[in-house]
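Enquirer: This one is work_30.pdb, PDB, C-alpha atoms and all ligand atoms.
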ATOM      1  CA  MET L   1     -15.561 -30.265 -11.359
ATOM      2  CA  ILE L   2     -13.398 -27.220 -12.084
ATOM      3  CA  LYS L   3     -15.683 -24.262 -12.471
ATOM      4  CA  TYR L   4     -13.406 -21.248 -12.123
ATOM      5  CA  LYS L   5      -9.702 -20.576 -12.694
ATOM      6  CA  LEU L   6      -7.920 -17.830 -10.835
ATOM      7  CA  VAL L   7      -4.252 -16.908 -11.211
ATOM      8  CA  LEU L   8      -2.555 -14.971  -8.427
ATOM      9  CA  LEU L   9       0.768 -13.354  -9.129
ATOM     10  CA  ARG L  10       3.217 -11.537  -6.899
ATOM     11  CA  HIS L  11       4.760  -8.840  -9.103
ATOM     12  CA  GLY L  12       8.290  -9.222 -10.473
ATOM     13  CA  GLU L  13      11.244  -8.111  -8.380
ATOM     14  CA  GLY L  14      11.459  -4.408  -7.516
ATOM     15  CA  ALA L  15      14.581  -2.471  -6.564
ATOM     16  CA  TRP L  16      13.858  -2.811  -2.855
ATOM     17  CA  ASN L  17      13.286  -6.569  -3.130
ATOM     18  CA  LYS L  18      16.882  -6.721  -4.350
ATOM     19  CA  GLU L  19      18.102  -4.424  -1.546
ATOM     20  CA  ASN L  20      16.168  -6.479   1.021
ATOM     21  CA  ARG L  21      14.183  -3.474   2.280
ATOM     22  CA  PHE L  22      10.531  -3.462   3.315
ATOM     23  CA  CYS L  23       8.907  -1.740   0.345
ATOM     24  CA  SER L  24       5.222  -1.969   1.106
ATOM     25  CA  TRP L  25       3.410   1.290   0.193
ATOM     26  CA  VAL L  26       6.507   2.985  -1.248
ATOM     27  CA  ASP L  27       6.022   2.987  -5.005
ATOM     28  CA  GLN L  28       8.785   1.259  -6.943
ATOM     29  CA  LYS L  29       9.217   0.144 -10.507
ATOM     30  CA  LEU L  30      10.415  -3.338 -11.402
ATOM     31  CA  SER L  31      14.154  -3.991 -11.543
ATOM     32  CA  SER L  32      15.601  -5.316 -14.825
ATOM     33  CA  ASP L  33      15.361  -8.828 -13.328
ATOM     34  CA  GLY L  34      11.775  -8.080 -12.270
ATOM     35  CA  ILE L  35      10.903  -7.116 -15.841
ATOM     36  CA  LYS L  36      12.295 -10.449 -17.033
ATOM     37  CA  GLU L  37      10.368 -12.314 -14.331
ATOM     38  CA  ALA L  38       7.103 -10.699 -15.407
ATOM     39  CA  GLN L  39       7.821 -11.413 -19.077
ATOM     40  CA  ASN L  40       8.661 -15.030 -18.256
ATOM     41  CA  ALA L  41       5.423 -15.368 -16.287
ATOM     42  CA  GLY L  42       3.572 -14.098 -19.365
ATOM     43  CA  LYS L  43       5.391 -16.548 -21.657
ATOM     44  CA  LEU L  44       4.605 -19.416 -19.312
ATOM     45  CA  LEU L  45       0.926 -18.517 -18.987
ATOM     46  CA  LYS L  46       0.688 -18.213 -22.767
ATOM     47  CA  SER L  47       2.347 -21.609 -23.288
ATOM     48  CA  LEU L  48      -0.163 -23.132 -20.864
ATOM     49  CA  GLY L  49      -3.020 -21.688 -22.898
ATOM     50  CA  PHE L  50      -4.416 -19.173 -20.390
ATOM     51  CA  GLU L  51      -6.820 -16.618 -21.805
ATOM     52  CA  PHE L  52      -7.632 -13.866 -19.339
ATOM     53  CA  ASP L  53     -10.839 -11.866 -19.436
ATOM     54  CA  LEU L  54     -10.040  -9.435 -16.649
ATOM     55  CA  VAL L  55      -7.034  -8.408 -14.571
ATOM     56  CA  PHE L  56      -6.980  -6.845 -11.118
ATOM     57  CA  THR L  57      -3.983  -4.990  -9.711
ATOM     58  CA  SER L  58      -3.143  -2.823  -6.721
ATOM     59  CA  ILE L  59      -2.442   0.875  -7.277
ATOM     60  CA  LEU L  60       1.297   0.328  -6.809
ATOM     61  CA  THR L  61       3.354   0.564  -9.995
ATOM     62  CA  ARG L  62       5.145  -2.773  -9.592
ATOM     63  CA  SER L  63       1.905  -4.743  -9.713
ATOM     64  CA  ILE L  64       0.508  -2.701 -12.631
ATOM     65  CA  GLN L  65       3.749  -2.929 -14.620
ATOM     66  CA  THR L  66       3.800  -6.696 -14.041
ATOM     67  CA  ALA L  67       0.244  -7.027 -15.361
ATOM     68  CA  TRP L  68       1.143  -4.985 -18.465
ATOM     69  CA  LEU L  69       4.218  -7.129 -19.194
ATOM     70  CA  VAL L  70       2.317 -10.380 -18.683
ATOM     71  CA  LEU L  71      -0.483  -9.291 -21.009
ATOM     72  CA  GLU L  72       2.010  -8.025 -23.589
ATOM     73  CA  GLU L  73       3.836 -11.361 -23.641
ATOM     74  CA  MET L  74       0.509 -13.144 -24.008
ATOM     75  CA  GLY L  75      -0.704 -10.870 -26.808
ATOM     76  CA  GLN L  76      -3.669 -10.002 -24.598
ATOM     77  CA  GLU L  77      -2.992  -6.286 -24.070
ATOM     78  CA  TRP L  78      -6.654  -5.499 -24.728
ATOM     79  CA  VAL L  79      -7.815  -7.267 -21.563
ATOM     80  CA  PRO L  80      -9.281  -4.723 -19.095
ATOM     81  CA  ILE L  81      -7.411  -3.948 -15.873
ATOM     82  CA  GLN L  82      -9.095  -2.791 -12.673
ATOM     83  CA  LYS L  83      -7.044  -1.281  -9.864
ATOM     84  CA  SER L  84      -7.669  -0.839  -6.174
ATOM     85  CA  TRP L  85      -5.672   0.162  -3.109
ATOM     86  CA  ARG L  86      -7.372  -2.810  -1.464
ATOM     87  CA  LEU L  87      -4.935  -5.095  -3.323
ATOM     88  CA  ASN L  88      -1.927  -3.034  -2.189
ATOM     89  CA  GLU L  89       0.876  -4.688  -0.302
ATOM     90  CA  ARG L  90       0.504  -4.927   3.443
ATOM     91  CA  HIS L  91       1.313  -1.585   5.086
ATOM     92  CA  TYR L  92       4.525  -2.265   6.987
ATOM     93  CA  GLY L  93       4.223   0.911   9.105
ATOM     94  CA  ALA L  94       7.439   2.135  10.704
ATOM     95  CA  LEU L  95       9.376  -0.763   9.131
ATOM     96  CA  ILE L  96       9.001   0.651   5.622
ATOM     97  CA  GLY L  97      12.398   1.242   4.022
ATOM     98  CA  LEU L  98      14.324  -0.764   6.631
ATOM     99  CA  ASN L  99      16.627  -3.631   5.713
ATOM    100  CA  ARG L 100      15.366  -7.006   6.958
ATOM    101  CA  ALA L 101      18.815  -8.509   7.651
ATOM    102  CA  GLU L 102      19.810  -5.413   9.677
ATOM    103  CA  MET L 103      16.523  -5.648  11.568
ATOM    104  CA  ALA L 104      17.303  -9.286  12.318
ATOM    105  CA  LEU L 105      20.730  -8.282  13.644
ATOM    106  CA  ASN L 106      19.245  -5.569  15.874
ATOM    107  CA  HIS L 107      15.967  -7.179  16.972
ATOM    108  CA  GLY L 108      16.572 -10.903  16.424
ATOM    109  CA  GLU L 109      15.411 -13.190  13.624
ATOM    110  CA  GLU L 110      12.423 -14.363  15.662
ATOM    111  CA  GLN L 111      11.055 -10.813  16.023
ATOM    112  CA  VAL L 112      11.521 -10.167  12.308
ATOM    113  CA  LYS L 113       9.664 -13.415  11.543
ATOM    114  CA  ILE L 114       6.816 -12.283  13.826
ATOM    115  CA  TRP L 115       6.622  -8.922  12.047
ATOM    116  CA  ARG L 116       6.769 -10.554   8.618
ATOM    117  CA  ARG L 117       4.696 -13.679   8.966
ATOM    118  CA  SER L 118       2.466 -13.693  12.066
ATOM    119  CA  TYR L 119      -1.214 -13.360  11.259
ATOM    120  CA  ASP L 120      -2.383 -10.786  13.742
ATOM    121  CA  VAL L 121       0.654  -8.791  14.857
ATOM    122  CA  ALA L 122       0.969  -5.386  13.182
ATOM    123  CA  PRO L 123       4.328  -3.617  13.052
ATOM    124  CA  PRO L 124       4.622  -0.217  14.798
ATOM    125  CA  PRO L 125       2.622   2.419  12.857
ATOM    126  CA  ILE L 126       4.232   4.909  10.514
ATOM    127  CA  THR L 127       4.353   8.444  11.940
ATOM    128  CA  GLU L 128       4.752  11.851  10.286
ATOM    129  CA  SER L 129       8.469  11.915  11.075
ATOM    130  CA  HIS L 130       9.077   8.755   9.026
ATOM    131  CA  PRO L 131      11.229   9.482   5.915
ATOM    132  CA  TYR L 132       8.576   8.037   3.561
ATOM    133  CA  TYR L 133       5.435   9.357   5.281
ATOM    134  CA  ASN L 134       4.928  12.364   3.005
ATOM    135  CA  GLU L 135       5.813  10.470  -0.143
ATOM    136  CA  ILE L 136       3.046   7.996   0.639
ATOM    137  CA  TYR L 137       0.275  10.159   2.064
ATOM    138  CA  ASN L 138       0.730  13.145  -0.280
ATOM    139  CA  ASP L 139       0.511  10.889  -3.304
ATOM    140  CA  ARG L 140      -2.471  11.765  -5.505
ATOM    141  CA  ARG L 141      -3.394   8.091  -5.942
ATOM    142  CA  TYR L 142      -4.572   7.929  -2.340
ATOM    143  CA  LYS L 143      -6.950  10.863  -2.740
ATOM    144  CA  SER L 144      -9.411   8.892  -4.843
ATOM    145  CA  CYS L 145      -9.683   5.726  -2.778
ATOM    146  CA  ASP L 146     -13.014   4.444  -1.497
ATOM    147  CA  VAL L 147     -12.082   5.509   2.050
ATOM    148  CA  PRO L 148     -11.122   8.986   3.287
ATOM    149  CA  GLU L 149      -7.385   9.606   3.442
ATOM    150  CA  ASP L 150      -7.330   9.683   7.238
ATOM    151  CA  LYS L 151      -8.850   6.204   7.312
ATOM    152  CA  LEU L 152      -6.072   4.666   5.238
ATOM    153  CA  PRO L 153      -3.884   2.323   7.309
ATOM    154  CA  LYS L 154      -0.708   3.413   9.093
ATOM    155  CA  ALA L 155       0.382  -0.224   9.658
ATOM    156  CA  GLU L 156      -1.310  -3.562   9.087
ATOM    157  CA  SER L 157      -1.194  -7.131  10.288
ATOM    158  CA  LEU L 158      -2.006  -9.780   7.676
ATOM    159  CA  LYS L 159      -5.417 -10.041   9.339
ATOM    160  CA  GLU L 160      -6.033  -6.345   8.664
ATOM    161  CA  VAL L 161      -4.921  -6.784   5.052
ATOM    162  CA  LEU L 162      -7.560  -9.480   4.664
ATOM    163  CA  GLN L 163     -10.181  -7.258   6.293
ATOM    164  CA  ARG L 164      -9.625  -4.432   3.781
ATOM    165  CA  LEU L 165      -9.228  -6.810   0.854
ATOM    166  CA  LEU L 166     -12.310  -8.962   1.451
ATOM    167  CA  PRO L 167     -14.966  -6.337   0.562
ATOM    168  CA  TYR L 168     -13.208  -5.832  -2.790
ATOM    169  CA  TRP L 169     -12.911  -9.569  -3.351
ATOM    170  CA  ASN L 170     -16.575 -10.161  -2.531
ATOM    171  CA  GLU L 171     -18.059  -7.139  -4.310
ATOM    172  CA  LYS L 172     -15.817  -6.718  -7.359
ATOM    173  CA  ILE L 173     -13.874  -9.901  -8.081
ATOM    174  CA  VAL L 174     -16.305 -12.694  -7.107
ATOM    175  CA  PRO L 175     -19.135 -11.494  -9.387
ATOM    176  CA  GLU L 176     -16.715 -11.386 -12.328
ATOM    177  CA  LEU L 177     -15.432 -14.890 -11.547
ATOM    178  CA  LYS L 178     -18.979 -16.179 -11.217
ATOM    179  CA  SER L 179     -19.886 -14.671 -14.570
ATOM    180  CA  GLY L 180     -17.319 -17.102 -16.013
ATOM    181  CA  LYS L 181     -14.333 -14.811 -16.477
ATOM    182  CA  THR L 182     -10.791 -16.129 -16.158
ATOM    183  CA  ILE L 183      -9.053 -13.710 -13.854
ATOM    184  CA  LEU L 184      -5.484 -12.703 -13.136
ATOM    185  CA  ILE L 185      -4.727 -10.847  -9.906
ATOM    186  CA  SER L 186      -1.337  -9.151 -10.064
ATOM    187  CA  ALA L 187      -0.664  -8.209  -6.472
ATOM    188  CA  HIS L 188       1.935  -8.494  -3.729
ATOM    189  CA  GLY L 189       3.493 -11.066  -1.432
ATOM    190  CA  ASN L 190       1.195 -10.363   1.479
ATOM    191  CA  SER L 191      -2.014  -9.266  -0.233
ATOM    192  CA  ALA L 192      -1.835 -12.499  -2.272
ATOM    193  CA  ARG L 193      -1.074 -14.516   0.908
ATOM    194  CA  ALA L 194      -4.109 -12.985   2.620
ATOM    195  CA  LEU L 195      -6.339 -13.997  -0.278
ATOM    196  CA  LEU L 196      -4.862 -17.503  -0.382
ATOM    197  CA  LYS L 197      -5.509 -17.846   3.348
ATOM    198  CA  HIS L 198      -9.139 -16.909   2.821
ATOM    199  CA  LEU L 199      -9.727 -19.130  -0.210
ATOM    200  CA  GLU L 200      -7.916 -22.194   1.098
ATOM    201  CA  GLY L 201      -9.033 -21.858   4.721
ATOM    202  CA  ILE L 202      -5.405 -21.816   5.893
ATOM    203  CA  SER L 203      -5.120 -21.532   9.683
ATOM    204  CA  ASP L 204      -3.803 -18.408  11.421
ATOM    205  CA  GLU L 205      -0.740 -20.424  12.454
ATOM    206  CA  TYR L 206      -0.017 -22.230   9.179
ATOM    207  CA  ILE L 207      -0.148 -19.103   7.017
ATOM    208  CA  ALA L 208       3.258 -18.166   8.533
ATOM    209  CA  ASN L 209       4.700 -21.003   6.415
ATOM    210  CA  VAL L 210       3.276 -19.784   3.121
ATOM    211  CA  THR L 211       5.748 -17.713   1.109
ATOM    212  CA  LEU L 212       5.292 -16.375  -2.397
ATOM    213  CA  PRO L 213       8.286 -15.643  -4.608
ATOM    214  CA  THR L 214       8.188 -12.780  -7.101
ATOM    215  CA  GLY L 215       6.953 -13.401 -10.641
ATOM    216  CA  VAL L 216       5.620 -16.930 -10.095
ATOM    217  CA  PRO L 217       1.992 -17.490 -11.147
ATOM    218  CA  VAL L 218      -0.116 -19.361  -8.584
ATOM    219  CA  LEU L 219      -3.073 -21.281  -9.970
ATOM    220  CA  LEU L 220      -6.261 -21.857  -8.020
ATOM    221  CA  GLU L 221      -8.936 -24.109  -9.447
ATOM    222  CA  LEU L 222     -12.246 -23.477  -7.726
ATOM    223  CA  ASP L 223     -15.639 -25.206  -7.606
ATOM    224  CA  GLU L 224     -18.981 -23.425  -8.021
ATOM    225  CA  ASN L 225     -18.820 -22.265  -4.375
ATOM    226  CA  LEU L 226     -15.317 -20.886  -4.910
ATOM    227  CA  HIS L 227     -13.789 -23.651  -2.822
ATOM    228  CA  PRO L 228     -10.408 -24.843  -4.108
ATOM    229  CA  LEU L 229     -10.482 -28.324  -5.659
ATOM    230  CA  SER L 230      -6.800 -28.870  -4.891
ATOM    231  CA  PRO L 231      -4.027 -26.975  -3.118
ATOM    232  CA  HIS L 232      -2.688 -23.927  -4.974
ATOM    233  CA  GLN L 233      -0.121 -24.763  -7.648
ATOM    234  CA  PHE L 234       2.998 -22.757  -8.364
ATOM    235  CA  LEU L 235       3.413 -22.754 -12.142
ATOM    236  CA  GLY L 236       6.888 -23.206 -13.585
ATOM    237  CA  ASP L 237      10.140 -24.971 -12.746
ATOM    238  CA  GLN L 238       9.419 -26.439  -9.306
ATOM    239  CA  GLU L 239      13.060 -26.645  -8.235
ATOM    240  CA  ALA L 240      13.692 -23.002  -9.127
ATOM    241  CA  ILE L 241      10.470 -21.999  -7.351
ATOM    242  CA  GLN L 242      11.497 -23.795  -4.136
ATOM    243  CA  ALA L 243      14.884 -22.027  -4.293
ATOM    244  CA  ALA L 244      13.122 -18.664  -4.783
ATOM    245  CA  ILE L 245      10.843 -19.357  -1.795
ATOM    246  CA  LYS L 246      13.858 -20.137   0.386
ATOM    247  CA  LYS L 247      15.490 -16.898  -0.754
ATOM    248  CA  VAL L 248      12.443 -14.882   0.361
ATOM    249  CA  GLU L 249      12.377 -16.716   3.722
ATOM    250  CA  ASP L 250      16.096 -16.084   4.236
ATOM    251  CA  GLN L 251      15.640 -12.335   3.700
ATOM    252  CA  GLY L 252      14.669 -12.125   7.376
ATOM    253  CA  LYS L 253      17.874 -13.749   8.607
ATOM    254  CA  VAL L 254      21.112 -12.126   9.739
ATOM    255  CA  LYS L 255      23.710 -12.185   6.953
ATOM    256  CA  PRO L 256      26.120 -15.100   7.720
ATOM    257  CA  THR L 257      29.109 -12.687   7.638
ATOM    258  CA  GLU L 258      27.529 -10.602  10.433
ATOM    259  CA  LYS L 259      26.634 -13.508  12.725
ATOM    260  CA  LYS L 260      28.610 -13.411  15.969
TER     261      LYS L 260
HETATM  262  O1  LIG L 301       6.789  -4.807  -0.429
HETATM  263  C1  LIG L 301       6.711  -5.955  -0.044
HETATM  264  O2  LIG L 301       6.194  -6.986  -0.760
HETATM  265  P1  LIG L 301       6.023  -6.994  -2.362
HETATM  266  O3  LIG L 301       7.442  -7.015  -2.899
HETATM  267  O4  LIG L 301       5.289  -8.262  -2.689
HETATM  268  O5  LIG L 301       5.252  -5.760  -2.778
HETATM  269  C2  LIG L 301       7.095  -6.308   1.336
HETATM  270  O6  LIG L 301       8.173  -5.524   1.727
HETATM  271  C3  LIG L 301       7.280  -7.805   1.440
HETATM  272  O7  LIG L 301       8.005  -8.069   2.587
HETATM  273  P2  LIG L 301       7.965  -9.468   3.341
HETATM  274  O8  LIG L 301       8.349 -10.591   2.394
HETATM  275  O9  LIG L 301       9.013  -9.265   4.397
HETATM  276  O10 LIG L 301       6.580  -9.636   3.910
END
If you took the structure in this file and wrote it as structure tokens, what would it be?
Ligand SMILES: O=C(OP(=O)(O)O)[C@H](O)COP(=O)(O)O
Expert:
Amino acid sequence: MIKYKLVLLRHGEGAWNKENRFCSWVDQKLSSDGIKEAQNAGKLLKSLGFEFDLVFTSILTRSIQTAWLVLEEMGQEWVPIQKSWRLNERHYGALIGLNRAEMALNHGEEQVKIWRRSYDVAPPPITESHPYYNEIYNDRRYKSCDVPEDKLPKAESLKEVLQRLLPYWNEKIVPELKSGKTILISAHGNSARALLKHLEGISDEYIANVTLPTGVPVLLELDENLHPLSPHQFLGDQEAIQAAIKKVEDQGKVKPTEKK
């Protein structure tokens, strides 16, 4: 019997999603298309009758802005929002800001796939000479995290994302779910993938095949032990969702015009 409902959402498109750059811990607002995606997600969730009691987001603007737009569309602006760096996107280290298609041209599509989708391979760490290092680590939002600044990651594999996310899931989100609240988590491609892997018991190998498009709500129906009763469901137009998934997967390929 369905006991708990959880909706996971990768935020709407940001400027760097459009430019095909690894965004990760660089803070970006939604693009105009991303705003529409978030609003459409809200309309869809409203039409399906969802009533949220609590929303969790990362501390990156694109996930917060998405949550606001979804709640606004649903007429549920009053619903509390809790934020944590532990829901942030995976830290892409030295790859932050780089264009995936150019990386594929220079390093090969296979290497880019390993960096993007392998479970336990972390990209090279970000160093102080990186153009976005100061923007990230001097940002006030990282001074009030539940770990000291020097313990914040400098690069993460998906496995490491799950390791930093799990304490938050277990200590903050699970008790709220178990108290009967319907919860929306507005997060990121890889923090949401890490959580899906945990909840659905997806293998280290198979998780490489799981891709989340922006702005598409993912429904998980859980039993009393928080085990999924069925595979996760993408909500919305299934054909459009499959096309959006393919688009995300193709971001790591060399542009056809540049193929030799
Ligand atoms: O910032 C990112 O994800 P997000 O748009 O979900 O926040 C990453 O750059 C996603 O990159 P990926 O799809 O290559 O793992």
Enquirer: Which protein, DNA or RNA residues have an atom within 6 Å of ligand LIG 301 (chain L), counting all atoms listed in the file, as a short mmCIF file (atom, residue, chain, number, x, y, z; two decimals) with C-alpha atoms, in the frame of the given file?
Expert:
data_model
loop_
_atom_site.label_atom_id
_atom_site.label_comp_id
_atom_site.auth_asym_id
_atom_site.auth_seq_id
_atom_site.Cartn_x
_atom_site.Cartn_y
_atom_site.Cartn_z
CA ARG L 10 3.22 -11.54 -6.90
CA ASN L 17 13.29 -6.57 -3.13
CA PHE L 22 10.53 -3.46 3.32
CA CYS L 23 8.91 -1.74 0.34
CA SER L 24 5.22 -1.97 1.11
CA GLU L 89 0.88 -4.69 -0.30
CA ARG L 116 6.77 -10.55 8.62
CA HIS L 188 1.94 -8.49 -3.73
CA GLY L 189 3.49 -11.07 -1.43
CA ASN L 190 1.20 -10.36 1.48
#
Enquirer: For the structure shown, which residues end up in the PyMOL selection byres (((chain L and resi 25-37) around 8) and not hetatm)? Put them as a PyMOL selection string, please?
Expert: chain L and resi 11-16+23-24+38-41+60-62+65-66+69+88-92+96+132+135-136+214-216
Enquirer: Given the PyMOL selection byres (((chain L and resi 119) around 6) and not hetatm) and the file above, list the residues it selects as an MDAnalysis selection string.
Expert: chainID L and resid 118 120 158:159 204
Enquirer: Taking the file as shown, what set of residues would the PyMOL selection byres (((chain L and resi 222-237) around 8) and not hetatm) give back, as a ChimeraX atom specification?
Expert: /L:1-6,44,178,199-200,216-221,238-241
Enquirer: Taking only C-alpha atoms into account, name the residue in L:Phe52, L:Tyr142, L:Trp169, L:Trp85 that is nearest to Lys181 in chain L.
Expert: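 Of the candidates, the smallest distance to Lys181 in chain L is held by L:Phe52.
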Enquirer: Pick from L:Ala244, L:Leu152, L:Ala122, L:Ile64: nearest to Tyr137 in chain L, with all atoms listed in the file counted?
Expert: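 Smallest separation from Tyr137 in chain L among the options: L:Leu152.
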Enquirer: Could you tell me which of L:Leu177, L:Val112, L:Leu196, L:Leu87 comes closest to Val161 in chain L if we count only C-alpha atoms?
Expert: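 Of L:Leu177, L:Val112, L:Leu196, L:Leu87, the one nearest Val161 in chain L is L:Leu87, counting only C-alpha atoms.
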Enquirer: Expressed in Å to a single decimal, how great is the separation between CA of Val7 in chain L and CA of Pro80 in chain L?
Expert: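 Going from CA of Val7 in chain L over to CA of Pro80 in chain L covers 15.4 Å.
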Enquirer: Can you measure CA of Thr211 in chain L to CA of Leu165 in chain L for me? One decimal in Å is fine.
Expert: 18.5 Å
Enquirer: Go through L:Met74, L:Ala67, L:Ala94, L:Val210 and flag the residue nearest Ser129 in chain L, using all atoms listed in the file for the distances.
Expert: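 Ranked by minimum distance to Ser129 in chain L, first place goes to L:Ala94.
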Enquirer: What's around His198 in chain L at 10 Å? Count all atoms listed in the file, leave out sequence neighbours fewer than 4 positions away in its own chain, and write the answer as a list in words.
Expert: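 Contacts, with the query itself left out: Leu162, Leu166, Ala192, Arg193, Ala194, Ile202, Ser203 and His227 of chain L.
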Enquirer: In Å, rounded to a single decimal, give me how far CA of Gly252 in chain L is from CA of Pro124 in chain L.
Expert: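 These two atoms are separated by 17.3 Å.
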Enquirer: Set up a box along x, y and z of the file covering all listed atoms of range 2-6 of chain L, add 4 Å on every one of the six sides, and write the centre and edge lengths in Å to one decimal, as JSON.
Expert:
{"center_x": -11.8, "center_y": -22.5, "center_z": -11.8, "size_x": 15.8, "size_y": 17.4, "size_z": 9.9}
Enquirer: Counting all atoms listed in the file, which of L:Leu9, L:Ile81, L:Gly180, L:Glu102 gets nearest to Thr257 in chain L?
Expert: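 The closest residue to Thr257 in chain L is L:Glu102.
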Enquirer: When distances are computed from all atoms listed in the file, which of L:Val79, L:Pro213, L:Glu51, L:Lys255 shows the smallest separation from Ala243 in chain L?
Expert: L:Pro213
